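Structure first, then comments.
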Amino acid sequence: MSLSGLGDTGKTPSPPALFPAPESDAPVPARRRGGASQNGPIQSGASRSGPTSGDDAGRQLVFFGADAAEPTVADLAGLLAGPGEVVRMGGTARLVVQVDAAWRVHVLVAELAARGLAASWEPTEGERHAVRTSYTRVLKPLAVAWLHGPTKRPPAAFHLTGRRLRLWLAAAGTPEPPDGFLLRLGAGDQECWEPIGVALAAAGLAGTLLSPGEGGPSYRITGRRRLTRLAELVGEPPRAAPPNAWPT
């Protein structure tokens with residue numbers, strides 16, 4: 001069974017009740033703490049709402065928030081930072097990611113559609129769901145950058161932007177009360193774990209790597225300041241996300 005990523009509701013069967021259709025899963029701009037909408041990246045040296053003080057003192061400006069640029073295929077590197085996989089076939093490639101909740105399917109299909117990629121989904125073992133694109137030349141550069149033979153590894157210049165983090169979180173982000181958030185990694189992607197941690201730290205989100213024996217693999221982000229930074233970068237929760245599933 002497939003769910004079209006291009007919104008062709010006239011030809012695509014309606015998803016089952018397990019997948020309640022949200023009002024919209026398209027990315028929405030992040031909001032300032034005062035409630036005003038951010039319409040673009042903050043300029044160097046500019047203040048968000050006057051002089052900073054208290055908890056805002058020393059906070060990094062959000063140059064790479066999810067609302068700072070239009071969606072691009074390069075953003076899909078955020079899925080590969082997590083459990084996503086890219087597979088090559090000739091001059092084409094496809095992206096596949098397994099998720100553990102129905103709402104994630106809605107969000108990812110919409111995010112892929114926003115980048116001109118149709119997606120399908122199917123249930124897998126353990127009440128999980130596989131979301132995948134078709135094979136396309138558009139994804140070949142991503143595959144070339146991330147695949148070293150059969151092994152997935154981030155390119156040397158890999159960094160995390162708000163849109164990349166938003167996709168990673170939509171696929172594999174989990175709150176960890178009372179004051180933490182887990183960003184899950186690919187179980188067989190050990191060569192990725194350390195460089196992904198470096199990229200997180202560079203984005204102001206230094207985390208603790210949890211091994212499979214500790215409930216991982218994942219990075220645990222803790223502390224009010226880091227969670228606020230994460231919320232600023234990834235933007236407002238998708239409409240399909242359940243309450244408390246998204247950092248705010």
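If you're wondering about the labels, chains in the structure tokens are A, B, ... by order shown, residues count from 1 in each chain, ligands from 1 in order shown.
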**Request:** Do a neighbour search on A:Thr124 at 12 Å with only C-alpha atoms, toss out local chain neighbours closer than 2 positions, and write the hits as a list in words.
**Result:** Met1, Val97, Gln98, Val99, Asp100, Ala101, Ala102, Trp121, Glu122, Gly126, Glu127, Arg128, His129, Ala130 and Val131 of chain A
**Message:** Let's see if you can do this: from backbone DSSP, list all helix (DSSP H, G or I) residues in stretch 164-239 of chain A, as a VMD selection string.
**Reply:** chain A and resid 164 to 172 190 to 202 212 to 214 224 to 234
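Going from atom CA of A:Leu117 to atom CA of A:Ala93 covers 11.9 Å.
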**Message:** Report, in Å with one decimal, the straight-line distance from atom CA of A:Tyr135 to atom CA of A:Leu200.
**Reply:** 29.5 Å
Quick one: contact table of stretch 95-204 of chain A to stretch 220-223 of chain A, 9 Å max, nearest atom pair and distance in Å to one decimal per residue, counting only C-alpha atoms, chain and number order, as a tab-separated table?
```
residue	atom	partner	partner_atom	distance
A:Glu176	CA	A:Arg220	CA	8.4
A:Asp179	CA	A:Thr222	CA	5.9
A:Gly180	CA	A:Thr222	CA	4.4
A:Phe181	CA	A:Ile221	CA	5.1
A:Leu182	CA	A:Arg220	CA	4.6
A:Leu183	CA	A:Arg220	CA	6.6
A:Arg184	CA	A:Arg220	CA	8.6
```
